Structures are given as structure tokens and as C-alpha cells.
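start.tsv, holding TSV, C-alpha atoms and all ligand atoms:
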chain	number	residue	atom	x	y	z
X	1	MET	CA	0.00	0.00	0.00
X	2	LYS	CA	2.81	2.34	0.88
X	3	SER	CA	4.65	1.98	-2.47
X	4	LYS	CA	1.30	2.34	-4.28
X	5	HIS	CA	0.77	5.58	-2.44
X	6	VAL	CA	4.26	6.82	-3.33
X	7	THR	CA	3.76	5.87	-7.00
X	8	LEU	CA	0.49	7.77	-7.18
X	9	LEU	CA	2.08	10.78	-5.56
X	10	LEU	CA	4.90	10.64	-8.12
X	11	ILE	CA	2.37	10.56	-10.96
X	12	VAL	CA	0.60	13.57	-9.48
X	13	THR	CA	3.87	15.42	-9.03
X	14	CYS	CA	4.85	14.75	-12.67
X	15	ILE	CA	1.49	15.93	-13.97
X	16	GLY	CA	1.66	18.98	-11.72
X	17	ALA	CA	5.20	19.78	-12.94
X	18	SER	CA	4.08	19.39	-16.58
X	19	LEU	CA	1.21	21.78	-16.01
X	20	ALA	CA	3.58	24.26	-14.40
X	21	ILE	CA	6.10	23.98	-17.26
X	22	PHE	CA	3.74	23.93	-20.22
X	23	GLY	CA	1.37	26.58	-18.94
X	24	THR	CA	-2.42	26.64	-19.20
X	25	PRO	CA	-3.64	23.05	-19.61
X	26	SER	CA	-6.29	21.99	-22.09
X	27	ALA	CA	-9.71	21.06	-20.74
X	28	LEU	CA	-9.00	17.39	-21.53
X	29	LEU	CA	-5.68	17.42	-19.70
X	30	LEU	CA	-7.26	19.16	-16.75
X	31	LYS	CA	-10.00	16.56	-16.62
X	32	SER	CA	-7.46	13.70	-16.59
X	33	PHE	CA	-5.46	15.55	-13.97
X	34	SER	CA	-8.56	15.94	-11.78
X	35	ARG	CA	-9.40	12.27	-12.18
X	36	VAL	CA	-5.92	11.14	-11.11
X	37	ILE	CA	-5.84	13.58	-8.21
X	38	ASN	CA	-9.26	12.46	-6.97
X	39	LYS	CA	-8.10	8.84	-7.22
X	40	VAL	CA	-5.00	9.64	-5.17
X	41	GLN	CA	-7.15	11.29	-2.55
X	42	THR	CA	-8.93	8.01	-1.89
X	43	TYR	CA	-5.51	6.79	-0.67
X	44	SER	CA	-4.90	9.97	1.27
X	45	THR	CA	-6.33	8.95	4.57
X	46	PRO	CA	-4.29	5.89	5.59
X	47	ARG	CA	-4.42	6.79	9.25
X	48	ASN	CA	-8.21	6.89	9.33
X	49	ASN	CA	-9.23	3.45	10.55
X	50	GLU	CA	-10.36	1.59	13.68
X	51	ALA	CA	-6.85	1.75	15.12
X	52	CYS	CA	-6.88	5.55	14.84
X	53	LEU	CA	-10.23	5.73	16.66
X	54	LEU	CA	-8.84	3.55	19.45
X	55	VAL	CA	-5.91	5.95	19.83
X	56	LEU	CA	-8.26	8.96	19.79
X	57	LYS	CA	-10.42	7.46	22.55
X	58	LYS	CA	-7.41	7.47	24.86
X	59	LEU	CA	-6.56	11.12	24.20
X	60	ASP	CA	-7.77	14.18	26.10
X	61	ALA	CA	-10.66	15.08	23.78
X	62	ASP	CA	-14.47	15.13	23.59
X	63	PHE	CA	-16.11	13.85	20.43
X	64	ARG	CA	-19.01	11.91	18.95
X	65	LEU	CA	-18.44	9.19	16.37
X	66	GLN	CA	-19.78	9.89	12.89
X	67	ALA	CA	-21.07	7.04	10.68
X	68	ASN	CA	-19.18	6.69	7.37
X	69	PHE	CA	-20.86	8.17	4.31
X	70	LYS	CA	-20.13	9.08	0.70
X	71	ASN	CA	-21.97	10.58	-2.24
X	72	GLU	CA	-21.99	10.39	-6.02
X	73	ASN	CA	-19.65	13.36	-6.41
X	74	GLY	CA	-16.77	11.42	-4.88
X	75	CYS	CA	-16.98	13.10	-1.48
X	76	LYS	CA	-16.37	10.54	1.23
X	77	VAL	CA	-16.11	10.64	5.01
X	78	GLU	CA	-14.69	7.65	6.86
X	79	TYR	CA	-13.66	7.18	10.48
X	80	ALA	CA	-14.62	10.71	11.39
X	81	VAL	CA	-15.89	12.39	14.54
X	82	ARG	CA	-17.68	15.53	15.68
X	83	LEU	CA	-14.88	17.09	17.69
X	84	ALA	CA	-16.00	19.34	20.58
X	85	ARG	CA	-12.82	19.69	22.67
X	86	VAL	CA	-9.08	19.01	22.54
X	87	GLY	CA	-7.21	19.44	25.84
X	88	LYS	CA	-8.21	22.82	27.30
X	89	LEU	CA	-9.59	24.11	24.02
X	90	LYS	CA	-13.30	23.95	23.19
X	91	ILE	CA	-14.03	23.79	19.49
X	92	ASP	CA	-17.08	25.81	18.46
X	93	LYS	CA	-19.84	23.96	16.57
X	94	ALA	CA	-18.06	20.56	17.00
X	95	PRO	CA	-16.89	20.30	13.36
X	96	LEU	CA	-16.89	16.99	11.48
X	97	LEU	CA	-13.26	15.86	11.15
X	98	THR	CA	-11.41	12.71	10.18
X	99	CYS	CA	-9.75	10.77	12.95
X	100	SER	CA	-6.30	11.84	11.72
X	101	MET	CA	-7.28	15.53	11.84
X	102	ALA	CA	-8.71	15.02	15.34
X	103	THR	CA	-5.59	13.28	16.70
X	104	GLN	CA	-3.32	15.91	15.15
X	105	LEU	CA	-5.44	18.68	16.70
X	106	VAL	CA	-5.03	17.11	20.14
X	107	LYS	CA	-1.28	17.11	19.62
X	108	PHE	CA	-1.33	20.65	18.19
X	109	GLU	CA	-3.27	22.07	21.14
X	110	ARG	CA	-0.84	20.57	23.63
X	111	GLU	CA	2.44	21.14	21.79
X	112	SER	CA	1.81	24.42	19.98
X	113	ILE	CA	-1.38	26.38	20.69
X	114	GLN	CA	-1.08	26.48	24.48
X	115	PRO	CA	2.72	27.02	24.64
X	116	ILE	CA	2.46	29.87	22.09
X	117	ALA	CA	-0.53	31.42	23.97
X	118	LYS	CA	1.42	31.20	27.22
X	119	ARG	CA	4.57	32.74	25.72
X	120	ILE	CA	2.81	35.66	24.01
X	121	PHE	CA	-0.14	36.38	26.33
X	122	GLY	CA	0.66	34.53	29.56
X	123	THR	CA	-2.72	32.80	29.39
X	124	GLU	CA	-4.48	29.80	27.82
X	125	ALA	CA	-6.56	29.56	24.68
X	126	LYS	CA	-9.99	28.25	25.66
X	127	ARG	CA	-12.05	28.40	22.43
X	128	LEU	CA	-11.26	27.77	18.80
X	129	LYS	CA	-13.63	29.44	16.32
X	130	ASN	CA	-14.02	27.92	12.88
X	131	ILE	CA	-15.97	28.49	9.70
X	132	GLY	CA	-16.24	24.86	8.68
X	133	SER	CA	-14.71	21.47	8.05
X	134	TYR	CA	-16.74	19.10	5.82
X	135	ASN	CA	-17.91	20.61	2.55
X	136	CYS	CA	-18.42	18.55	-0.62
X	137	ARG	CA	-16.61	20.86	-3.05
X	138	SER	CA	-13.63	21.21	-5.38
X	139	MET	CA	-10.47	23.13	-4.60
X	140	ARG	CA	-11.06	26.81	-5.42
X	141	GLN	CA	-7.96	27.03	-7.62
X	142	TYR	CA	-8.46	23.65	-9.43
X	143	ARG	CA	-12.05	23.02	-10.45
X	144	GLY	CA	-12.79	19.30	-10.54
X	145	VAL	CA	-10.15	18.40	-7.96
X	146	LEU	CA	-11.82	17.63	-4.67
X	147	SER	CA	-10.79	19.75	-1.69
X	148	GLN	CA	-9.71	18.01	1.51
X	149	HIS	CA	-12.92	19.55	2.89
X	150	ALA	CA	-14.76	16.98	0.74
X	151	PHE	CA	-13.29	14.28	3.03
X	152	ALA	CA	-13.75	16.18	6.35
X	153	ASN	CA	-9.97	16.19	6.36
X	154	ALA	CA	-9.56	19.96	6.76
X	155	LEU	CA	-10.47	22.71	9.20
X	156	ASP	CA	-10.88	26.45	8.55
X	157	VAL	CA	-9.96	28.34	11.71
X	158	SER	CA	-11.29	31.89	12.06
X	159	GLY	CA	-10.13	32.84	15.56
X	160	PHE	CA	-9.46	32.10	19.22
X	161	VAL	CA	-10.76	33.19	22.61
X	162	PHE	CA	-8.45	33.21	25.65
X	163	ARG	CA	-9.05	32.51	29.30
X	164	ASP	CA	-8.56	36.21	30.18
X	165	GLY	CA	-11.42	37.15	27.82
X	166	GLN	CA	-9.51	38.60	24.88
X	167	SER	CA	-10.16	37.24	21.43
X	168	ILE	CA	-8.29	36.99	18.17
X	169	SER	CA	-9.85	37.11	14.73
X	170	VAL	CA	-7.88	36.12	11.61
X	171	LYS	CA	-9.91	38.59	9.55
X	172	ARG	CA	-9.31	41.51	11.92
X	173	ASP	CA	-5.88	40.82	13.42
X	174	TRP	CA	-3.70	39.08	10.80
X	175	LYS	CA	-2.49	42.30	9.21
X	176	VAL	CA	-2.27	44.50	12.31
X	177	ASP	CA	1.25	44.39	13.78
X	178	GLY	CA	1.21	43.31	17.40
X	179	PRO	CA	0.94	40.27	19.66
X	180	LYS	CA	-2.32	39.02	18.14
X	181	SER	CA	-0.84	38.92	14.66
X	182	GLN	CA	2.32	37.35	16.10
X	183	PHE	CA	0.21	34.63	17.73
X	184	LEU	CA	-1.54	33.81	14.44
X	185	ARG	CA	1.75	33.79	12.51
X	186	ASP	CA	3.47	31.53	15.07
X	187	ILE	CA	0.47	29.18	15.02
X	188	THR	CA	0.58	29.10	11.21
X	189	SER	CA	4.29	28.15	11.16
X	190	ALA	CA	3.78	25.47	13.81
X	191	ALA	CA	0.80	24.07	11.87
X	192	CYS	CA	3.16	23.37	8.94
X	193	ASN	CA	4.84	20.71	11.06
X	194	THR	CA	1.76	19.14	12.65
X	195	PHE	CA	-0.52	19.08	9.60
X	196	ARG	CA	0.31	18.49	5.92
X	197	VAL	CA	-1.06	21.81	4.74
X	198	SER	CA	-1.19	25.15	6.53
X	199	VAL	CA	-2.51	28.17	4.60
X	200	SER	CA	-2.82	31.69	6.02
X	201	PRO	CA	-4.15	34.98	4.56
X	202	ASP	CA	-0.63	35.45	3.10
X	203	GLY	CA	-1.09	32.20	1.12
X	204	ASP	CA	-3.78	33.42	-1.24
X	205	ALA	CA	-6.82	35.69	-1.44
X	206	ASN	CA	-9.28	32.87	-0.61
X	207	HIS	CA	-7.85	32.65	2.89
X	208	TRP	CA	-8.30	36.31	3.87
X	209	ASN	CA	-10.39	35.45	6.93
X	210	HIS	CA	-9.16	32.03	8.10
X	211	LEU	CA	-6.30	29.58	8.54
X	212	HIS	CA	-6.69	26.30	6.64
X	213	TRP	CA	-5.15	23.14	8.10
X	214	ASP	CA	-5.43	19.66	6.58
X	215	THR	CA	-3.83	16.22	6.65
X	216	GLY	CA	-4.25	15.43	2.94
X	217	PRO	CA	-1.69	13.96	0.51
X	218	TYR	CA	0.00	17.22	-0.49
X	219	ARG	CA	2.43	19.34	1.46
X	220	SER	CA	2.04	23.11	1.43
X	221	CYS	CA	2.90	25.89	3.86
X	222	ARG	CA	1.94	29.35	2.70
X	301	ZN	ZN	-10.10	25.23	4.06

What would the structure in this file look like if it were written as C-alpha cells?
Amino acid sequence: MKSKHVTLLLIVTCIGASLAIFGTPSALLLKSFSRVINKVQTYSTPRNNEACLLVLKKLDADFRLQANFKNENGCKVEYAVRLARVGKLKIDKAPLLTCSMATQLVKFERESIQPIAKRIFGTEAKRLKNIGSYNCRSMRQYRGVLSQHAFANALDVSGFVFRDGQSISVKRDWKVDGPKSQFLRDITSAACNTFRVSVSPDGDANHWNHLHWDTGPYRSCR
């Protein structure tokens, strides 16, 4: 399975490089590209299985199990949960997330969010605000290629609330120099190591009001 995964990733990389070198792809090429990418994505969640759920149950988190489902557009959610809390951080609206996203968030809260909050503000983060996780849709920049949101394998974070009452909003604070912006920038860098993809408002215009984190097959920090 592992070598199959690597081979598929190599194919995707080659196609991606060709598109980059030869410029605007034809509709036919783009369609083939989308098909291959969507195929690869079905191999993109190797850590989502019963074993992952057993690990998650032992971690400091509150969640409800979500039954597997898929639809005719290729969107598919397997071994996912409604995640309401990780460590000391409540997650607003208990978003639907794959087991791998949930376990990485537990780790991220403990190893990055709280230490960075303590260093910059001398307090703890107690709420994570988000504008969504599961959404059966394509990537905004590549129509036809499913987003990691189509697998509940991504979270869009819009802000935080701290124990002392102050709050941070990505939309409001990212571009204003100061400790709040520093917090968001440090969190974004740390997210590059814990997740596969970490995108901030500096990454592209679509992310002007949130941080995107996912554990999909690609690697991107921007
Ligand atoms: Zn997103």
C-alpha cells in the first residue's frame, strides 16, 4: 500500500510539474489531472481506521463518532468524529473531522497552541472558532479536484478566545502588527509541522479570513 501511495504521488507530481512547465492546460488534460488527483485522494487517509479511533479514545478530547458516508460526487467521510474539545480548548460547533485531523489537533493544542498562547499572552486559549470542516466541493484554484474539505480532512480556523477574555480574529488581526498577529503567525508556522497543509491569509486571497489546516496527501505551507 505504501509503495502504491508513493507511485500515485509521483504521478501527481509529474502531472503537476508538466502543467507548471507547459502553462495553461487543455480542458482534456485538466479533466485527466482531476481524475488522477481524486483517485490519489482516496488513498490519502491511511491513518483513518479503527486503530486511529482507538488511539483517539485514549486522548484528552471530547467527540461523537460519525457514521461513514459518501456521495456520487466522490466526497467521502470515513472514520470521522464531531470534535468538541481538545485538551483545554473547546471547538465551536463541534466540526466533522477525520480521525487523523482530530488526533493531530489534540497534539497541536498541547504542543503548539497552548505554549504559544502562554509565551505571548501569559494565558491559555480556551475556544477555537471555525468556519467549517466538511464541505463537498472542489479546490477553489483547481475546479474538478476535490478539496480536503470533501473528506472532512480539513479545518478552517477563524479565531481564538483566551481565558482572560480577549479574542483573536484572523480577519481583523492578521495584518495588524502586534501580539495578536504574532500569535496567528506563530500558530501558522507550527501548523506546517503538525498538519500536511497550513494556509494563512498570506497564502492566497481565498484565505483572507481564516487559517486552513489539513492532513491530505499534499504538502504546502503558505
Ligand atoms: Zn479550508

message: I want to know what sits within 12 Å of Ile131 in chain X, based on all atoms listed in the file, with residues of the same chain fewer than 3 positions away left out; could you give that as a list in words?
response: Ile91, Asp92, Lys93, Ala94, Pro95, Leu96, Leu128, Tyr134, Asn135, His149, Ala154, Leu155, Asp156, Val157, Ser158, Gly159, Ser169, Val170, Lys171, His207, Asn209, His210, Leu211 and His212 of chain X

field: Which of X:Leu89, X:Cys75, X:Leu146, X:Ala80 sits closest to ligand ZN 301 (chain X) [using all atoms listed in the file]
entry: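 Between X:Leu89, X:Cys75, X:Leu146, X:Ala80, the residue approaching ligand ZN 301 (chain X) most closely is X:Leu146.
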
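Rounded to one decimal, CA of Asp62 in chain X and CA of Trp174 in chain X lie 29.2 Å from each other.
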
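Between CA of Cys192 in chain X and CA of Asn48 in chain X lies a distance of 20.0 Å.
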
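Comparing X:Asn68, X:Ser147, X:Ser189, X:Asn206 by their smallest distance to Cys221 in chain X, the closest is X:Ser189 (using all atoms listed in the file).
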
task: Please identify all polymer residues within 12 Å of Gln166 in chain X, counting all atoms listed in the file, omitting same-chain residues fewer than 6 positions from it, and present them as a list of chain:residue names.
output: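 Neighbouring residues, sequence-local ones excluded: X:Ala117, X:Phe121, X:Gly122, X:Thr123, X:Glu124, X:Ala125, X:Lys126, X:Arg127, X:Gly159, X:Phe160, X:Pro179, X:Lys180.
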
Write the selection just made, keeping C-alpha atoms, as an mmCIF file, in the frame of the given file?
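Printed below is result.cif as written:
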data_model
loop_
_atom_site.group_PDB
_atom_site.id
_atom_site.type_symbol
_atom_site.label_atom_id
_atom_site.label_comp_id
_atom_site.auth_asym_id
_atom_site.auth_seq_id
_atom_site.Cartn_x
_atom_site.Cartn_y
_atom_site.Cartn_z
ATOM 1 C CA ALA X 117 -0.530 31.420 23.970
ATOM 2 C CA PHE X 121 -0.140 36.380 26.330
ATOM 3 C CA GLY X 122 0.660 34.530 29.560
ATOM 4 C CA THR X 123 -2.720 32.800 29.390
ATOM 5 C CA GLU X 124 -4.480 29.800 27.820
ATOM 6 C CA ALA X 125 -6.560 29.560 24.680
ATOM 7 C CA LYS X 126 -9.990 28.250 25.660
ATOM 8 C CA ARG X 127 -12.050 28.400 22.430
ATOM 9 C CA GLY X 159 -10.130 32.840 15.560
ATOM 10 C CA PHE X 160 -9.460 32.100 19.220
ATOM 11 C CA PRO X 179 0.940 40.270 19.660
ATOM 12 C CA LYS X 180 -2.320 39.020 18.140
#

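Distances here use all atoms listed in the file; by that measure, the residue among X:Asn71, X:Gln182, X:Thr215, X:Asn38 closest to Cys136 in chain X is X:Asn71.
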
Just the residues within 12 Å of Leu105 in chain X, please, counting all atoms listed in the file, with nothing from its chain fewer than 2 positions along; format it as a tab-separated table (two decimals) with C-alpha atoms, keeping the file's coordinate frame.
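And here is the file that came out, result.tsv:
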chain	number	residue	atom	x	y	z
X	56	LEU	CA	-8.26	8.96	19.79
X	59	LEU	CA	-6.56	11.12	24.20
X	60	ASP	CA	-7.77	14.18	26.10
X	61	ALA	CA	-10.66	15.08	23.78
X	62	ASP	CA	-14.47	15.13	23.59
X	83	LEU	CA	-14.88	17.09	17.69
X	84	ALA	CA	-16.00	19.34	20.58
X	85	ARG	CA	-12.82	19.69	22.67
X	86	VAL	CA	-9.08	19.01	22.54
X	87	GLY	CA	-7.21	19.44	25.84
X	88	LYS	CA	-8.21	22.82	27.30
X	89	LEU	CA	-9.59	24.11	24.02
X	90	LYS	CA	-13.30	23.95	23.19
X	91	ILE	CA	-14.03	23.79	19.49
X	97	LEU	CA	-13.26	15.86	11.15
X	98	THR	CA	-11.41	12.71	10.18
X	99	CYS	CA	-9.75	10.77	12.95
X	100	SER	CA	-6.30	11.84	11.72
X	101	MET	CA	-7.28	15.53	11.84
X	102	ALA	CA	-8.71	15.02	15.34
X	103	THR	CA	-5.59	13.28	16.70
X	107	LYS	CA	-1.28	17.11	19.62
X	108	PHE	CA	-1.33	20.65	18.19
X	109	GLU	CA	-3.27	22.07	21.14
X	110	ARG	CA	-0.84	20.57	23.63
X	111	GLU	CA	2.44	21.14	21.79
X	112	SER	CA	1.81	24.42	19.98
X	113	ILE	CA	-1.38	26.38	20.69
X	114	GLN	CA	-1.08	26.48	24.48
X	128	LEU	CA	-11.26	27.77	18.80
X	153	ASN	CA	-9.97	16.19	6.36
X	154	ALA	CA	-9.56	19.96	6.76
X	155	LEU	CA	-10.47	22.71	9.20
X	157	VAL	CA	-9.96	28.34	11.71
X	190	ALA	CA	3.78	25.47	13.81
X	191	ALA	CA	0.80	24.07	11.87
X	193	ASN	CA	4.84	20.71	11.06
X	194	THR	CA	1.76	19.14	12.65
X	195	PHE	CA	-0.52	19.08	9.60
X	213	TRP	CA	-5.15	23.14	8.10
X	214	ASP	CA	-5.43	19.66	6.58
X	215	THR	CA	-3.83	16.22	6.65

message: Between X:Gly74, X:Gly216, X:Gly144, X:Pro115, which residue has the minimum interatomic distance to ligand ZN 301 (chain X), considering all atoms listed in the file?
response: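 Closest residue, counting all atoms listed in the file: X:Gly216.
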
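Here the question is which of X:Ile116, X:Val55, X:Val36, X:Ala152 gets nearest to Phe69 in chain X using all atoms listed in the file, and that residue is X:Ala152.
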
message: When you count all atoms listed in the file, which of these residues is closest to ligand ZN 301 (chain X): X:Asp204, X:Asp177, X:Asp164, X:Asp186?
response: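 For ligand ZN 301 (chain X), the nearest of the given residues is X:Asp204.
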
- request: Would you mind reading off the distance between CA of Arg143 in chain X and CA of Lys31 in chain X, one decimal, in Å?
  value: 9.2 Å
